[in-house]
file model-v5.cif (mmCIF, C-alpha atoms)
data_final
loop_
_atom_site.label_atom_id
_atom_site.label_comp_id
_atom_site.auth_asym_id
_atom_site.auth_seq_id
_atom_site.Cartn_x
_atom_site.Cartn_y
_atom_site.Cartn_z
CA MET A 26 82.38 147.82 244.85
CA LYS A 27 85.13 145.88 246.59
CA SER A 28 85.92 143.05 244.21
CA LEU A 29 85.35 141.67 240.72
CA GLN A 30 82.68 139.45 242.29
CA ASP A 31 80.82 142.63 243.32
CA LEU A 32 81.16 143.86 239.74
CA GLU A 33 79.71 140.61 238.40
CA ASP A 34 76.85 140.69 240.91
CA PHE A 35 76.07 144.27 239.94
CA ILE A 36 75.99 143.41 236.24
CA LYS A 37 73.81 140.36 236.90
CA SER A 38 71.32 142.51 238.83
CA LYS A 39 70.71 144.64 235.72
CA GLU A 40 68.56 143.78 232.68
CA ASN A 41 71.02 142.93 229.94
CA PHE A 42 68.89 144.31 227.08
CA ARG A 43 69.15 147.85 228.46
CA ASN A 44 72.04 150.23 229.06
CA PHE A 45 73.23 150.93 232.57
CA ARG A 46 76.02 152.74 234.37
CA ASN A 47 78.36 151.93 237.18
CA TYR A 48 80.22 154.51 239.28
CA SER A 49 82.94 154.61 241.89
CA ASP A 50 82.61 156.98 244.82
CA VAL A 51 84.18 160.34 244.05
CA PRO A 52 87.46 160.73 245.98
CA PRO A 53 87.09 164.03 247.95
CA ILE A 54 90.37 165.35 246.54
CA CYS A 55 88.82 165.22 243.03
CA ARG A 56 86.26 167.84 244.06
CA SER A 57 88.83 170.34 245.29
CA GLU A 58 91.75 169.84 242.93
CA ALA A 59 91.83 170.23 239.16
CA CYS A 60 91.41 166.82 237.55
CA MET A 61 92.24 165.12 234.29
CA LEU A 62 89.79 162.60 232.87
CA GLY A 63 90.44 159.81 230.37
CA VAL A 64 87.85 158.17 228.09
CA ASP A 65 88.12 154.84 226.29
CA GLU A 66 85.85 152.13 224.95
CA ALA A 67 85.90 148.34 224.80
CA GLY A 68 84.02 145.98 222.52
CA ARG A 69 83.32 148.20 219.56
CA GLY A 70 84.01 145.58 216.89
CA PRO A 71 82.54 142.31 218.24
CA VAL A 72 79.22 140.97 216.97
CA LEU A 73 78.36 139.75 220.49
CA GLY A 74 77.79 141.50 223.79
CA PRO A 75 77.75 145.06 225.03
CA MET A 76 80.08 147.89 224.12
CA VAL A 77 81.43 149.53 227.27
CA TYR A 78 82.53 153.13 227.68
CA GLY A 79 84.82 153.83 230.61
CA VAL A 80 86.14 157.02 232.17
CA ALA A 81 88.78 157.43 234.86
CA TYR A 82 89.86 160.64 236.59
CA CYS A 83 92.36 161.86 239.14
CA PRO A 84 94.05 165.12 240.14
CA ILE A 85 96.50 166.42 237.52
CA GLY A 86 99.98 165.43 238.54
CA GLN A 87 98.93 162.19 240.20
CA ASN A 88 100.45 160.12 237.41
CA SER A 89 102.58 158.35 239.99
CA VAL A 90 99.45 156.71 241.48
CA LEU A 91 98.39 155.52 238.02
CA GLU A 92 101.87 154.22 237.29
CA ALA A 93 101.96 152.41 240.63
CA LEU A 94 98.70 150.69 239.63
CA GLY A 95 100.42 149.59 236.43
CA CYS A 96 98.23 151.40 233.92
CA ASP A 97 100.78 152.49 231.39
CA ASP A 98 99.73 150.70 228.23
CA SER A 99 96.55 148.68 228.60
CA LYS A 100 96.67 147.07 225.16
CA VAL A 101 99.80 145.10 226.01
CA LEU A 102 98.39 143.88 229.34
CA LYS A 103 97.03 140.38 229.76
CA ASP A 104 93.43 139.82 230.95
CA THR A 105 94.59 138.65 234.36
CA LYS A 106 96.77 141.74 234.76
CA ARG A 107 93.86 144.02 233.88
CA ASP A 108 91.63 142.22 236.40
CA GLU A 109 94.37 142.72 238.98
CA ILE A 110 94.64 146.45 238.28
CA LEU A 111 90.87 147.01 238.53
CA THR A 112 90.82 145.07 241.80
CA LYS A 113 93.51 147.44 243.09
CA MET A 114 91.40 150.40 241.98
CA PHE A 115 88.53 148.92 244.02
CA THR A 116 90.55 148.27 247.16
CA GLU A 117 93.86 150.10 247.57
CA ASP A 118 93.79 153.29 249.62
CA ASP A 119 96.19 155.18 247.41
CA SER A 120 93.92 154.57 244.42
CA LEU A 121 90.62 155.06 246.28
CA ASN A 122 91.84 158.41 247.61
CA ASN A 123 92.88 159.72 244.20
CA VAL A 124 91.32 157.84 241.29
CA GLY A 125 87.62 157.68 240.44
CA TRP A 126 85.94 155.95 237.51
CA ALA A 127 82.62 155.37 235.77
CA ALA A 128 81.41 153.00 233.06
CA GLU A 129 78.43 152.75 230.76
CA ILE A 130 77.37 149.33 229.53
CA ILE A 131 75.71 149.78 226.13
CA SER A 132 73.58 146.71 225.48
CA PRO A 133 73.80 144.86 222.16
CA ASN A 134 70.04 145.38 221.85
CA TYR A 135 70.48 149.16 222.17
CA ILE A 136 73.15 149.04 219.46
CA SER A 137 70.94 147.01 217.06
CA ASN A 138 67.89 149.17 217.79
CA SER A 139 69.86 152.38 217.19
CA MET A 140 71.32 151.20 213.90
CA TYR A 141 67.91 149.89 212.79
CA LYS A 142 65.93 153.03 213.56
CA ARG A 143 63.93 154.60 210.75
CA ALA A 144 66.48 157.38 210.71
CA LYS A 145 69.65 155.39 211.33
CA HIS A 146 71.78 156.20 214.32
CA SER A 147 75.36 155.16 213.61
CA LEU A 148 77.69 153.42 216.03
CA ASN A 149 79.83 156.58 216.02
CA GLU A 150 76.89 158.62 217.28
CA VAL A 151 76.08 156.03 219.94
CA SER A 152 79.73 156.10 221.04
CA MET A 153 80.05 159.86 221.10
CA ASN A 154 76.82 160.28 223.07
CA SER A 155 77.93 157.75 225.63
CA ALA A 156 81.28 159.50 226.13
CA ILE A 157 79.65 162.93 226.39
CA ASN A 158 77.04 161.74 228.89
CA LEU A 159 79.63 160.03 231.06
CA ILE A 160 81.72 163.22 231.21
CA LYS A 161 78.62 165.28 232.07
CA ASP A 162 77.65 162.77 234.75
CA VAL A 163 81.03 162.82 236.41
CA ALA A 164 81.04 166.63 236.37
CA GLU A 165 77.57 166.62 237.94
CA ARG A 166 78.89 164.44 240.73
CA GLY A 167 81.21 167.26 241.64
CA VAL A 168 84.46 166.27 239.98
CA ASN A 169 86.53 169.33 239.09
CA ILE A 170 87.43 168.36 235.51
CA THR A 171 89.85 170.61 233.62
CA GLU A 172 91.51 168.27 231.13
CA VAL A 173 89.95 165.50 229.05
CA TYR A 174 91.83 162.83 227.07
CA VAL A 175 89.92 160.67 224.62
CA ASP A 176 90.95 157.62 222.65
CA THR A 177 89.48 157.37 219.16
CA VAL A 178 89.57 154.95 216.26
CA GLY A 179 88.27 157.46 213.73
CA PRO A 180 89.71 160.82 212.66
CA PRO A 181 90.43 162.82 215.87
CA GLU A 182 89.84 166.34 214.45
CA LYS A 183 86.05 166.16 214.06
CA TYR A 184 85.61 164.48 217.42
CA GLN A 185 87.84 167.05 219.12
CA ALA A 186 85.87 169.94 217.58
CA LYS A 187 82.57 168.46 218.73
CA LEU A 188 83.77 167.88 222.31
CA SER A 189 85.33 171.35 222.53
CA GLU A 190 81.99 172.82 221.50
CA ILE A 191 80.11 170.93 224.22
CA PHE A 192 82.75 171.41 226.91
CA PRO A 193 84.31 174.82 226.16
CA ASN A 194 85.96 175.05 229.60
CA TYR A 195 87.94 171.83 229.38
CA LYS A 196 91.25 171.33 227.64
CA ILE A 197 90.39 168.50 225.27
CA THR A 198 92.82 166.10 223.62
CA VAL A 199 91.54 163.47 221.20
CA ALA A 200 94.15 161.08 219.87
CA LYS A 201 94.54 157.70 218.25
CA LYS A 202 96.08 155.16 220.63
CA ALA A 203 95.59 157.61 223.52
CA ASP A 204 95.57 154.66 225.89
CA SER A 205 99.27 154.10 225.32
CA LEU A 206 100.07 157.82 225.47
CA TYR A 207 98.18 158.83 228.62
CA ALA A 208 98.00 156.77 231.82
CA ILE A 209 94.56 158.16 232.67
CA VAL A 210 93.16 156.87 229.34
CA SER A 211 94.83 153.57 230.02
CA ALA A 212 93.01 153.42 233.39
CA ALA A 213 89.71 154.21 231.61
CA SER A 214 90.46 151.49 229.10
CA ILE A 215 91.01 148.96 231.91
CA VAL A 216 87.66 149.91 233.49
CA ALA A 217 85.93 149.46 230.12
CA LYS A 218 87.67 146.26 229.08
CA VAL A 219 87.30 144.45 232.40
CA THR A 220 83.64 145.48 232.65
CA ARG A 221 82.95 144.12 229.17
CA ASP A 222 84.77 140.85 229.85
CA HIS A 223 82.80 140.28 233.03
CA ALA A 224 79.51 141.29 231.40
CA LEU A 225 80.08 138.50 228.87
CA LYS A 226 81.12 136.09 231.61
CA VAL A 227 77.86 136.52 233.53
CA TRP A 228 75.57 136.87 230.49
CA GLN A 229 72.23 135.18 231.11
CA PHE A 230 70.07 134.35 228.12
CA GLN A 231 66.44 135.45 228.59
CA GLU A 232 65.82 133.12 225.66
CA GLY A 233 66.61 130.18 227.91
CA LEU A 234 69.74 128.99 226.09
CA ASP A 235 71.76 126.94 228.49
CA ILE A 236 75.18 128.05 227.33
CA ASP A 237 77.79 130.43 228.70
CA HIS A 238 80.69 132.54 227.48
CA THR A 239 82.96 129.54 227.02
CA LYS A 240 80.63 128.52 224.17
CA PHE A 241 80.39 131.82 222.33
CA GLY A 242 83.97 133.05 222.59
CA SER A 243 85.23 136.62 222.43
CA GLY A 244 82.49 137.87 220.11
CA TYR A 245 84.96 138.86 217.38
CA PRO A 246 83.72 137.58 214.01
CA SER A 247 87.12 135.97 213.44
CA ASP A 248 86.90 133.80 216.60
CA PRO A 249 85.99 130.18 215.63
CA MET A 250 83.85 129.79 218.78
CA THR A 251 81.91 132.91 217.88
CA GLN A 252 81.48 131.68 214.31
CA LYS A 253 80.13 128.35 215.59
CA PHE A 254 77.71 130.13 217.90
CA MET A 255 76.53 132.42 215.10
CA SER A 256 75.82 129.57 212.75
CA GLU A 257 74.20 127.23 215.30
CA GLN A 258 72.13 129.36 217.64
CA ILE A 259 69.59 130.57 215.11
CA ASP A 260 65.86 130.73 215.74
CA ASN A 261 63.94 130.50 212.47
CA VAL A 262 61.57 133.36 213.33
CA PHE A 263 63.41 135.55 215.84
CA GLY A 264 66.91 135.10 214.49
CA TYR A 265 69.24 135.46 217.45
CA PRO A 266 69.12 135.93 221.21
CA LEU A 267 69.75 139.56 222.19
CA LEU A 268 73.40 138.89 222.97
CA VAL A 269 73.89 139.38 219.23
CA ARG A 270 74.14 142.71 217.42
CA PHE A 271 71.68 142.11 214.58
CA SER A 272 73.00 145.11 212.66
CA TRP A 273 76.46 143.55 212.14
CA SER A 274 76.93 142.22 208.62
CA THR A 275 78.10 138.86 210.06
CA ALA A 276 74.65 138.47 211.64
CA GLU A 277 72.75 139.84 208.65
CA VAL A 278 74.45 137.50 206.21
CA MET A 279 73.94 134.46 208.43
CA LEU A 280 70.23 135.18 209.01
CA LYS A 281 69.64 135.74 205.32
CA GLU A 282 71.01 132.30 204.69
CA LYS A 283 69.62 130.32 207.61
CA ALA A 284 66.47 131.94 209.04
CA ALA A 285 63.01 132.81 207.71
CA ALA A 286 63.10 135.86 205.44
CA CYS A 287 61.74 138.98 207.17
CA THR A 288 60.87 142.17 205.29
CA PHE A 289 60.20 145.47 207.02
CA GLU A 290 58.82 148.37 205.04
CA GLU A 291 61.57 150.18 203.17
CA VAL A 292 62.49 153.71 204.13
CA ASP A 293 64.71 156.23 202.43
CA ASP A 294 67.21 158.52 204.15
CA GLU A 295 64.56 160.98 205.29
CA GLY A 296 62.77 158.19 207.11
CA THR A 297 59.74 158.10 204.82
CA THR A 298 58.26 155.07 203.11
CA LYS A 299 59.44 154.34 199.61
CA LYS A 300 57.57 152.48 196.90
CA PRO A 301 59.62 150.25 194.62
CA THR A 302 60.07 151.88 191.21
CA LYS A 303 58.64 150.00 188.26
CA SER A 304 61.10 149.17 185.55
CA ILE A 305 60.42 151.06 182.34
CA SER A 306 59.95 147.86 180.34
CA SER A 307 57.00 146.89 182.54
CA PHE A 308 54.88 149.51 180.76
CA PHE A 309 55.34 147.79 177.43
CA SER A 310 54.86 144.18 178.39
CA PRO A 311 51.39 142.69 177.96
CA LYS A 312 49.26 142.57 181.09
CA LYS A 313 49.14 139.21 182.77
CA GLU A 314 45.85 137.41 182.47
CA GLY A 315 43.55 138.05 185.40
CA GLU A 316 45.38 141.17 186.42
CA ALA A 317 43.51 143.30 183.93
CA LYS A 318 40.15 141.84 184.86
CA ARG A 319 40.41 142.29 188.59
CA ARG A 320 38.73 145.44 189.76
CA LYS A 321 40.88 147.73 191.82
CA SER A 322 39.89 147.71 195.46
CA HIS A 323 38.47 150.97 196.81
CA LYS A 324 40.92 153.16 198.70
CA PHE A 325 38.95 152.60 201.91
CA PHE A 326 39.69 148.88 201.76
CA ALA A 327 43.21 149.21 200.37
CA GLU A 328 44.25 151.53 203.20
CA ARG A 329 42.96 149.06 205.75
CA HIS A 330 44.45 146.02 204.04
CA LEU A 331 40.96 144.55 203.76
CA SER A 332 40.04 142.21 200.93
CA VAL A 333 37.18 139.89 200.14
CA CYS A 334 37.79 136.34 201.27
CA ASN A 335 35.74 133.21 201.03
CA VAL A 336 32.53 132.89 202.93
CA PHE A 337 32.60 130.74 206.04
CA GLU A 338 29.69 128.40 206.59
CA MET B 20 33.49 125.71 197.33
CA SER B 21 32.53 125.91 200.95
CA ILE B 22 34.52 126.35 204.10
CA GLN B 23 33.61 124.55 207.28
CA VAL B 24 34.89 125.38 210.69
CA GLU B 25 34.65 122.78 213.42
CA ASN B 26 34.82 123.86 217.00
CA ASN B 27 35.78 120.97 219.22
CA LEU B 28 36.72 123.35 222.00
CA LYS B 29 33.17 124.55 222.56
CA ASP B 30 32.87 122.78 225.90
CA THR B 31 36.46 123.19 227.03
CA GLU B 32 37.10 123.98 230.68
CA ASP B 33 40.26 125.82 229.75
CA LYS B 34 39.09 129.41 229.31
CA GLN B 35 42.65 130.60 228.64
CA ILE B 36 42.69 128.85 225.32
CA PHE B 37 40.48 131.66 224.00
CA GLU B 38 42.42 134.36 225.80
CA GLN B 39 45.85 133.84 224.33
CA LYS B 40 48.39 136.56 223.63
CA ALA B 41 48.78 137.79 220.08
CA HIS B 42 51.20 140.22 218.43
CA TYR B 43 50.80 141.99 215.11
CA ILE B 44 54.37 142.53 213.88
CA PRO B 45 55.15 145.22 211.23
CA CYS B 46 57.19 142.85 209.14
CA LYS B 47 56.50 140.12 206.62
CA ILE B 48 57.83 136.90 208.12
CA GLU B 49 58.08 134.07 205.65
CA ALA B 50 57.35 131.27 208.10
CA ASP B 51 54.23 129.47 209.27
CA GLY B 52 53.77 127.51 212.45
CA ALA B 53 54.90 127.58 216.04
CA ALA B 54 57.33 130.31 217.18
CA ASN B 55 59.25 130.85 220.43
CA VAL B 56 57.34 134.02 221.31
CA ASP B 57 57.58 133.33 225.07
CA LYS B 58 61.35 133.12 225.06
CA TYR B 59 62.47 135.43 222.28
CA PHE B 60 59.89 138.21 222.32
CA GLU B 61 57.85 138.46 225.52
CA PRO B 62 60.82 138.95 227.91
CA TYR B 63 61.68 142.19 226.13
CA VAL B 64 58.20 143.73 226.01
CA THR B 65 58.20 146.70 228.36
CA GLU B 66 55.41 149.01 229.42
CA THR B 67 56.75 152.55 229.11
CA SER B 68 53.52 154.27 230.11
CA GLU B 69 49.93 153.32 230.73
CA SER B 70 49.16 152.27 227.19
CA GLU B 71 52.54 152.35 225.47
CA LEU B 72 54.77 149.33 225.00
CA THR B 73 58.21 148.84 223.54
CA GLY B 74 59.71 145.69 222.12
CA THR B 75 62.31 144.46 219.69
CA PHE B 76 62.20 142.12 216.70
CA ARG B 77 65.28 141.10 214.73
CA GLY B 78 67.14 144.06 216.16
CA HIS B 79 64.43 146.55 215.11
CA PRO B 80 62.91 148.82 217.76
CA LEU B 81 59.13 148.45 218.05
CA ASP B 82 56.44 150.65 219.58
CA GLY B 83 53.16 149.01 220.45
CA SER B 84 49.77 149.28 222.12
CA LYS B 85 46.95 146.91 222.95
CA VAL B 86 43.96 146.71 220.64
CA THR B 87 40.64 145.24 221.72
CA PHE B 88 37.90 144.14 219.36
CA PRO B 89 34.59 145.92 219.08
CA GLU B 90 31.79 144.75 221.32
CA GLY B 91 30.58 141.31 220.35
CA TYR B 92 33.68 140.36 218.34
CA ARG B 93 36.62 138.15 219.16
CA ALA B 94 39.38 136.40 217.25
CA ILE B 95 39.68 132.67 216.75
CA VAL B 96 42.65 130.70 215.48
CA VAL B 97 41.99 127.80 213.13
CA THR B 98 44.16 125.15 211.52
CA GLU B 99 43.65 122.92 208.55
CA ALA B 100 44.83 119.34 208.87
CA LYS B 101 45.36 118.91 205.14
CA ARG B 102 44.91 121.47 202.41
CA PRO B 103 43.00 119.91 199.49
CA LEU B 104 44.81 119.89 196.16
CA GLY B 105 41.98 121.25 194.03
CA GLU B 106 41.33 125.01 194.01
CA ASP B 107 37.58 124.57 194.34
CA ALA B 108 37.50 121.72 196.83
CA ASP B 109 35.71 122.14 200.13
CA ARG B 110 37.94 123.02 203.06
CA ARG B 111 37.69 122.08 206.71
CA PHE B 112 39.26 123.97 209.59
CA GLN B 113 39.50 123.20 213.28
CA VAL B 114 39.34 125.81 216.01
CA VAL B 115 42.51 125.64 218.12
CA GLY B 116 42.19 128.79 220.23
CA GLY B 117 41.55 132.47 220.17
CA PHE B 118 42.27 135.87 221.66
CA LYS B 119 40.30 138.84 222.92
CA GLU B 120 42.95 141.49 222.39
CA PHE B 121 46.27 141.79 220.63
CA VAL B 122 49.25 144.13 220.52
CA ASN B 123 49.61 146.28 217.43
CA TRP B 124 53.32 146.95 216.83
CA ASN B 125 54.91 149.61 214.64
CA TRP B 126 58.54 149.80 213.64
CA ASP B 127 60.06 152.80 215.49
CA LYS B 128 56.81 154.79 215.29
CA LYS B 129 54.18 155.36 217.94
CA THR B 130 50.96 153.49 217.26
CA SER B 131 47.93 155.59 216.35
CA LYS B 132 44.37 155.36 215.16
CA ASN B 133 45.70 155.74 211.63
CA ASP B 134 47.40 152.32 211.68
CA SER B 135 45.79 150.07 209.09
CA ILE B 136 44.84 147.31 211.54
CA VAL B 137 43.12 149.81 213.85
CA LYS B 138 41.33 151.47 210.94
CA ALA B 139 40.25 148.06 209.64
CA MET B 140 37.92 147.83 212.64
CA ASP B 141 35.92 150.75 211.13
CA TRP B 142 34.57 148.34 208.58
CA ILE B 143 32.62 146.47 211.24
CA ASP B 144 30.43 149.50 211.96
CA ILE B 145 30.16 150.48 208.32
CA ALA B 146 29.30 146.95 207.23
CA ASP B 147 26.59 146.89 209.87
CA ALA B 148 25.15 150.16 208.56
CA ILE B 149 25.18 148.92 204.96
CA HIS B 150 24.26 145.29 205.34
CA GLY B 151 22.61 145.16 208.77
CA ASP B 152 18.87 144.98 209.34
#

call {"tool": "encode", "arguments": {"input": "model-v5.cif", "output": "structure tokens"}}
result
Amino acid sequence: MKSLQDLEDFIKSKENFRNFRNYSDVPPICRSEACMLGVDEAGRGPVLGPMVYGVAYCPIGQNSVLEALGCDDSKVLKDTKRDEILTKMFTEDDSLNNVGWAAEIISPNYISNSMYKRAKHSLNEVSMNSAINLIKDVAERGVNITEVYVDTVGPPEKYQAKLSEIFPNYKITVAKKADSLYAIVSAASIVAKVTRDHALKVWQFQEGLDIDHTKFGSGYPSDPMTQKFMSEQIDNVFGYPLLVRFSWSTAEVMLKEKAAACTFEEVDDEGTTKKPTKSISSFFSPKKEGEAKRRKSHKFFAERHLSVCNVFE
Amino acid sequence: MSIQVENNLKDTEDKQIFEQKAHYIPCKIEADGAANVDKYFEPYVTETSESELTGTFRGHPLDGSKVTFPEGYRAIVVTEAKRPLGEDADRRFQVVGGFKEFVNWNWDKKTSKNDSIVKAMDWIDIADAIHGD
């Protein structure tokens, strides 16, 4: 990967309803020397587009390379500045020789499907699994990881305990706003954020909608462009194109109002089917006419959803 | 009351009209009529193994497999130009197409011979044993 164009071409070559990963080459020095690795995510909140997990790593004590790239506090950087830094990571010798990275693009369809499983899989679980798998992947590629720094939005203690259990040999630090505290997390955050921005930029609708990212905005529910997209691009039967995370309340509310009602069977927390409970008063009210007369269908037919219809001639 | 079905497609050259794709979705959809199946559903149907398919509907993960009809049976699709007002009035339908197989989809559950639509096919053999010659 030599340029942002290469990044866009790579993203375009992948099916956007599945997850995929993107890796830099491992700088040889990262195999021999002890490395620190930063983890951060981009696009957790938006109702549109993928969530991207990014990791960056370099030998401990190479903070000067990261600082030279300009990754000190990614949140205060402008989009163009972030693009510039990632381009440097793709091309400049000093960075290529010391800093490696990897990213996982988690498709909006994967997010909806996970949250709408019979036994729900929360966004936190999706996130944590992505981070864990990226770290494992990088280690498998031969990177000598000794320290891991993770940015989190939730309470750090639980996350830290879980990671320490999985990776007992690494020194793990989970912190809020880690991207402004550690340059390596800031680098990871740039990888994630730029990848997400470009994934949105090159999004192609399988559904055949002839619109691009300038018409759907940032994906944040507060963005007027996103709101317009969410209220206009509704298919009566299918709801939304798979750019949308169906499991977001913004999408749920809008579909309830503007698309055909769809009812899946209800399941309880254990993932089994639940029958609606009759209200107690229903036992006292008189039977409706016709209901009492109709013979109950035999179990054989009821199980198969078979009933007697009219005769065709 | 009687129901009449007219088949104006009997002599059609277009064989595909009776070999259309059909999907049995595990969800009650309160809509009738045309749907953008080609654009919103088909692109995401993936064959994961020889007979297993995955798909997605309204963000829900689906598992599916093809179902064929028993020997000698096939499905036809009919429409009714105008539904008569009276309950007991005669009704007329027109054949508009048909299909020879369909995909049975379950919500996040592998399909099996215990799915109601698959079991419903049992009735064909049983009915033949009871009512046949």

call {"tool": "resolve_selection", "arguments": {"input": "model-v5.cif", "expression": "the PyMOL selection byres ((chain B) within 6 of (chain A))", "output": "list in words"}}
result
Ile22, Gln23, Cys46, Lys47, Ile48, Glu49, Ala50, Lys58, Tyr59, Arg77, Gly78, His79, Pro80, Ser135, Lys138 and Ala139 of chain B

call {"tool": "residues_around", "arguments": {"input": "model-v5.cif", "residues": "Gln35 (chain B)", "least_positions_apart": "6", "cutoff": "10 Å", "atoms": "all atoms listed in the file", "output": "list of chain:residue names"}}
result
B:Gly116, B:Gly117, B:Phe118

call {"tool": "closest_residue", "arguments": {"input": "model-v5.cif", "among": "A:Ile170, A:Cys60, A:Leu91, A:Cys55", "to": "Ala212 (chain A)", "atoms": "only C-alpha atoms"}}
result
A:Leu91

call {"tool": "closest_residue", "arguments": {"input": "model-v5.cif", "among": "A:Ser189, A:Asn123, A:Ser243, A:Ser256", "to": "Cys83 (chain A)", "atoms": "all atoms listed in the file"}}
result
A:Asn123

call {"tool": "atom_distance", "arguments": {"input": "model-v5.cif", "atom1": "CA of Lys226 (chain A)", "atom2": "CA of Asn55 (chain B)"}}
result
25.1 Å

call {"tool": "axis_aligned_box", "arguments": {"input": "model-v5.cif", "around": "region 54-65 of chain B", "padding_each_side": "6 Å", "output": "AutoDock Vina command-line options"}}
result
--center_x 59.9 --center_y 138.5 --center_z 222.8 --size_x 17.1 --size_y 28.4 --size_z 23.2

call {"tool": "atom_distance", "arguments": {"input": "model-v5.cif", "atom1": "CA of Asp108 (chain A)", "atom2": "CA of Gly79 (chain A)"}}
result
14.7 Å

call {"tool": "residues_around", "arguments": {"input": "model-v5.cif", "residues": "region 193-196 of chain A", "least_positions_apart": "3", "cutoff": "6 Å", "atoms": "only C-alpha atoms", "output": "PyMOL selection string"}}
result
chain A and resi 171-172+189-190

call {"tool": "residues_near_point", "arguments": {"input": "model-v5.cif", "point": "(83.5, 160.5, 245.8)", "cutoff": "9 Å", "atoms": "only C-alpha atoms", "output": "JSON, numbers by chain"}}
result
{"A": [49, 50, 51, 52, 53, 54, 55, 56, 121, 122, 125, 166, 167, 168]}

call {"tool": "atom_distance", "arguments": {"input": "model-v5.cif", "atom1": "CA of Glu282 (chain A)", "atom2": "CA of Asn149 (chain A)"}}
result
28.2 Å

call {"tool": "residues_around", "arguments": {"input": "model-v5.cif", "residues": "Leu188 (chain A)", "least_positions_apart": "6", "cutoff": "10 Å", "atoms": "all atoms listed in the file", "output": "number ranges by chain"}}
result
A: 153, 156-157, 173, 175, 195-199

call {"tool": "resolve_selection", "arguments": {"input": "model-v5.cif", "expression": "the PyMOL selection byres ((chain A and resi 178) around 9)", "output": "NGL selection string"}}
result
:A and (176-177 or 179-181 or 200-202)

call {"tool": "closest_residue", "arguments": {"input": "model-v5.cif", "among": "A:Ser211, A:Asn41, A:Asp34, A:Ala93", "to": "Pro62 (chain B)", "atoms": "only C-alpha atoms"}}
result
A:Asn41

call {"tool": "closest_residue", "arguments": {"input": "model-v5.cif", "among": "A:Lys187, A:Asp204, A:Leu73, A:Val101", "to": "Glu150 (chain A)", "atoms": "all atoms listed in the file"}}
result
A:Lys187

call {"tool": "residues_near_point", "arguments": {"input": "model-v5.cif", "point": "(95.7, 153.9, 225.9)", "cutoff": "8 Å", "atoms": "only C-alpha atoms", "output": "PDB file with C-alpha atoms, in the frame of the given file"}}
result
ATOM      1  CA  ASP A  65      88.120 154.840 226.290  1.00  0.00           C
ATOM      2  CA  ASP A  97     100.780 152.490 231.390  1.00  0.00           C
ATOM      3  CA  ASP A  98      99.730 150.700 228.230  1.00  0.00           C
ATOM      4  CA  SER A  99      96.550 148.680 228.600  1.00  0.00           C
ATOM      5  CA  LYS A 100      96.670 147.070 225.160  1.00  0.00           C
ATOM      6  CA  ASP A 176      90.950 157.620 222.650  1.00  0.00           C
ATOM      7  CA  LYS A 202      96.080 155.160 220.630  1.00  0.00           C
ATOM      8  CA  ALA A 203      95.590 157.610 223.520  1.00  0.00           C
ATOM      9  CA  ASP A 204      95.570 154.660 225.890  1.00  0.00           C
ATOM     10  CA  SER A 205      99.270 154.100 225.320  1.00  0.00           C
ATOM     11  CA  LEU A 206     100.070 157.820 225.470  1.00  0.00           C
ATOM     12  CA  TYR A 207      98.180 158.830 228.620  1.00  0.00           C
ATOM     13  CA  ALA A 208      98.000 156.770 231.820  1.00  0.00           C
ATOM     14  CA  VAL A 210      93.160 156.870 229.340  1.00  0.00           C
ATOM     15  CA  SER A 211      94.830 153.570 230.020  1.00  0.00           C
ATOM     16  CA  ALA A 212      93.010 153.420 233.390  1.00  0.00           C
ATOM     17  CA  SER A 214      90.460 151.490 229.100  1.00  0.00           C
TER      18      SER A 214
END

call {"tool": "residues_around", "arguments": {"input": "model-v5.cif", "residues": "Val115 (chain B)", "least_positions_apart": "2", "cutoff": "12 Å", "atoms": "all atoms listed in the file", "output": "PyMOL selection string"}}
result
chain B and resi 24-29+31+33+35-39+94-100+112-113+117-118

call {"tool": "write_last_selection", "arguments": {"input": "model-v5.cif", "atoms": "C-alpha atoms", "output": "CSV table (one decimal), keeping the file's coordinate frame"}}
result
chain,number,residue,atom,x,y,z
B,24,VAL,CA,34.9,125.4,210.7
B,25,GLU,CA,34.6,122.8,213.4
B,26,ASN,CA,34.8,123.9,217.0
B,27,ASN,CA,35.8,121.0,219.2
B,28,LEU,CA,36.7,123.4,222.0
B,29,LYS,CA,33.2,124.6,222.6
B,31,THR,CA,36.5,123.2,227.0
B,33,ASP,CA,40.3,125.8,229.8
B,35,GLN,CA,42.6,130.6,228.6
B,36,ILE,CA,42.7,128.8,225.3
B,37,PHE,CA,40.5,131.7,224.0
B,38,GLU,CA,42.4,134.4,225.8
B,39,GLN,CA,45.8,133.8,224.3
B,94,ALA,CA,39.4,136.4,217.2
B,95,ILE,CA,39.7,132.7,216.8
B,96,VAL,CA,42.6,130.7,215.5
B,97,VAL,CA,42.0,127.8,213.1
B,98,THR,CA,44.2,125.2,211.5
B,99,GLU,CA,43.6,122.9,208.6
B,100,ALA,CA,44.8,119.3,208.9
B,112,PHE,CA,39.3,124.0,209.6
B,113,GLN,CA,39.5,123.2,213.3
B,117,GLY,CA,41.6,132.5,220.2
B,118,PHE,CA,42.3,135.9,221.7

call {"tool": "closest_residue", "arguments": {"input": "model-v5.cif", "among": "B:Ala148, B:Trp124, B:Asp51, B:Ile136", "to": "Asp82 (chain B)", "atoms": "all atoms listed in the file"}}
result
B:Trp124

call {"tool": "closest_residue", "arguments": {"input": "model-v5.cif", "among": "B:Gly52, B:Pro89, B:Gly105, B:Pro45", "to": "Glu120 (chain B)", "atoms": "all atoms listed in the file"}}
result
B:Pro89
